[in-house]
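Heads up: the structure comes next, in structure tokens.
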Amino acid sequence: MNSLRIIVVLLFALAAGLAVSFYMNWKTLTRLHTVQAFVEASVFAEAVAACERAPSTTPFKWNGGKQTAVIGLNSVKLNKDTSSASYTLFADSVYCDYDPIKKKANIGSNFLERETF
């Protein structure tokens, strides 16, 4: 009888622990999405201006573009200590990667032609 009670208590504790872990994961992801949205909104105007000024044979025209899209904030880990962030915009078949740290924009017509920072 005691072993049955111990098993029931352990199962209840396991279920409660799983519920708490899922709740904490949900709260953390919600906060991360909020921070990401804030960062993307604060960088957007700066990225558009830098992409339109960037020297390229293929012009990037966000304002007046027929097909525009925000790809979003990306991160590439260069090595174990360094990661590089970029904000990607797409306008009329032209991609523009903007580095918010270096304040530099690179333009390419497709993913394979884009330069790295």
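Convention: chains lettered A, B, ... in structure tokens order; per-chain residue numbering from 1; ligands numbered from 1 as shown.
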
*Where in chain A does DSSP assign helix (DSSP H, G or I), given as an MDAnalysis selection string?*
chainID A and resid 2:53 111:113

*Per DSSP on the backbone, filter chain A down to the residues in strand (DSSP E) and report them as number ranges by chain.*
A: 68-77, 83-91, 94-99, 104-108

Suppose we keep N, CA and C atoms; can you now write the selection as an mmCIF file, in the first residue's frame?
```cif
data_model
loop_
_atom_site.group_PDB
_atom_site.id
_atom_site.type_symbol
_atom_site.label_atom_id
_atom_site.label_comp_id
_atom_site.auth_asym_id
_atom_site.auth_seq_id
_atom_site.Cartn_x
_atom_site.Cartn_y
_atom_site.Cartn_z
ATOM 1 N N THR A 68 7.917 43.988 -51.614
ATOM 2 C CA THR A 68 8.852 44.192 -50.511
ATOM 3 C C THR A 68 8.507 43.254 -49.364
ATOM 4 N N ALA A 69 9.524 42.845 -48.648
ATOM 5 C CA ALA A 69 9.319 41.967 -47.492
ATOM 6 C C ALA A 69 10.463 42.133 -46.515
ATOM 7 N N VAL A 70 10.148 41.996 -45.243
ATOM 8 C CA VAL A 70 11.163 41.995 -44.197
ATOM 9 C C VAL A 70 11.443 40.540 -43.854
ATOM 10 N N ILE A 71 12.652 40.098 -44.120
ATOM 11 C CA ILE A 71 13.039 38.722 -43.785
ATOM 12 C C ILE A 71 13.263 38.626 -42.284
ATOM 13 N N GLY A 72 13.923 39.631 -41.715
ATOM 14 C CA GLY A 72 14.056 39.681 -40.268
ATOM 15 C C GLY A 72 15.480 39.678 -39.781
ATOM 16 N N LEU A 73 15.598 39.543 -38.488
ATOM 17 C CA LEU A 73 16.885 39.566 -37.804
ATOM 18 C C LEU A 73 17.483 38.169 -37.803
ATOM 19 N N ASN A 74 18.723 38.065 -38.269
ATOM 20 C CA ASN A 74 19.414 36.777 -38.342
ATOM 21 C C ASN A 74 20.706 36.866 -37.549
ATOM 22 N N SER A 75 21.223 35.736 -37.173
ATOM 23 C CA SER A 75 22.490 35.704 -36.451
ATOM 24 C C SER A 75 23.324 34.545 -36.980
ATOM 25 N N VAL A 76 24.601 34.834 -37.222
ATOM 26 C CA VAL A 76 25.532 33.818 -37.694
ATOM 27 C C VAL A 76 26.677 33.742 -36.702
ATOM 28 N N LYS A 77 26.992 32.570 -36.222
ATOM 29 C CA LYS A 77 28.093 32.384 -35.271
ATOM 30 C C LYS A 77 29.373 32.155 -36.063
ATOM 31 N N SER A 83 29.615 36.224 -32.713
ATOM 32 C CA SER A 83 28.473 36.038 -33.599
ATOM 33 C C SER A 83 28.195 37.357 -34.301
ATOM 34 N N SER A 84 27.664 37.273 -35.500
ATOM 35 C CA SER A 84 27.390 38.455 -36.304
ATOM 36 C C SER A 84 25.892 38.535 -36.556
ATOM 37 N N ALA A 85 25.319 39.704 -36.329
ATOM 38 C CA ALA A 85 23.893 39.896 -36.545
ATOM 39 C C ALA A 85 23.674 40.597 -37.878
ATOM 40 N N SER A 86 22.578 40.274 -38.547
ATOM 41 C CA SER A 86 22.206 40.986 -39.761
ATOM 42 C C SER A 86 20.691 41.082 -39.832
ATOM 43 N N TYR A 87 20.239 42.141 -40.462
ATOM 44 C CA TYR A 87 18.805 42.397 -40.647
ATOM 45 C C TYR A 87 18.583 42.367 -42.145
ATOM 46 N N THR A 88 17.748 41.462 -42.632
ATOM 47 C CA THR A 88 17.600 41.242 -44.062
ATOM 48 C C THR A 88 16.277 41.809 -44.572
ATOM 49 N N LEU A 89 16.385 42.570 -45.664
ATOM 50 C CA LEU A 89 15.228 43.120 -46.361
ATOM 51 C C LEU A 89 15.222 42.591 -47.785
ATOM 52 N N PHE A 90 14.038 42.521 -48.389
ATOM 53 C CA PHE A 90 13.878 42.034 -49.751
ATOM 54 C C PHE A 90 12.977 43.009 -50.501
ATOM 55 N N ALA A 91 13.443 43.507 -51.645
ATOM 56 C CA ALA A 91 12.630 44.421 -52.454
ATOM 57 C C ALA A 91 12.885 44.155 -53.929
ATOM 58 N N VAL A 94 15.696 41.746 -54.910
ATOM 59 C CA VAL A 94 17.022 42.141 -54.432
ATOM 60 C C VAL A 94 17.046 42.007 -52.911
ATOM 61 N N TYR A 95 18.032 41.285 -52.397
ATOM 62 C CA TYR A 95 18.211 41.121 -50.963
ATOM 63 C C TYR A 95 19.219 42.155 -50.456
ATOM 64 N N CYS A 96 18.977 42.648 -49.257
ATOM 65 C CA CYS A 96 19.923 43.554 -48.611
ATOM 66 C C CYS A 96 20.106 43.097 -47.173
ATOM 67 N N ASP A 97 21.356 42.839 -46.809
ATOM 68 C CA ASP A 97 21.710 42.472 -45.432
ATOM 69 C C ASP A 97 22.309 43.698 -44.763
ATOM 70 N N TYR A 98 21.750 44.098 -43.649
ATOM 71 C CA TYR A 98 22.216 45.266 -42.907
ATOM 72 C C TYR A 98 22.792 44.798 -41.579
ATOM 73 N N ASP A 99 24.003 45.228 -41.293
ATOM 74 C CA ASP A 99 24.651 44.912 -40.030
ATOM 75 C C ASP A 99 24.410 46.068 -39.071
ATOM 76 N N LYS A 104 26.437 48.877 -41.750
ATOM 77 C CA LYS A 104 26.843 48.653 -43.128
ATOM 78 C C LYS A 104 25.824 47.752 -43.821
ATOM 79 N N ALA A 105 25.541 48.061 -45.086
ATOM 80 C CA ALA A 105 24.586 47.268 -45.859
ATOM 81 C C ALA A 105 25.289 46.608 -47.031
ATOM 82 N N ASN A 106 24.925 45.356 -47.316
ATOM 83 C CA ASN A 106 25.426 44.615 -48.479
ATOM 84 C C ASN A 106 24.243 44.152 -49.291
ATOM 85 N N ILE A 107 24.353 44.267 -50.607
ATOM 86 C CA ILE A 107 23.248 43.938 -51.505
ATOM 87 C C ILE A 107 23.640 42.760 -52.383
ATOM 88 N N GLY A 108 22.668 41.869 -52.627
ATOM 89 C CA GLY A 108 22.834 40.756 -53.548
ATOM 90 C C GLY A 108 21.486 40.412 -54.146
#
```

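You can rank A:Asp92, A:Asn2, A:Val8, A:Ala49 by their closest distance to A:Gln67 using only C-alpha atoms, and at the top of that list sits A:Asp92.
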
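With only C-alpha atoms as the atoms that count, the minimum distance from A:Asn63 to the choices A:Ile101, A:Tyr23, A:Ala45, A:Asn79 is reached by A:Ala45.
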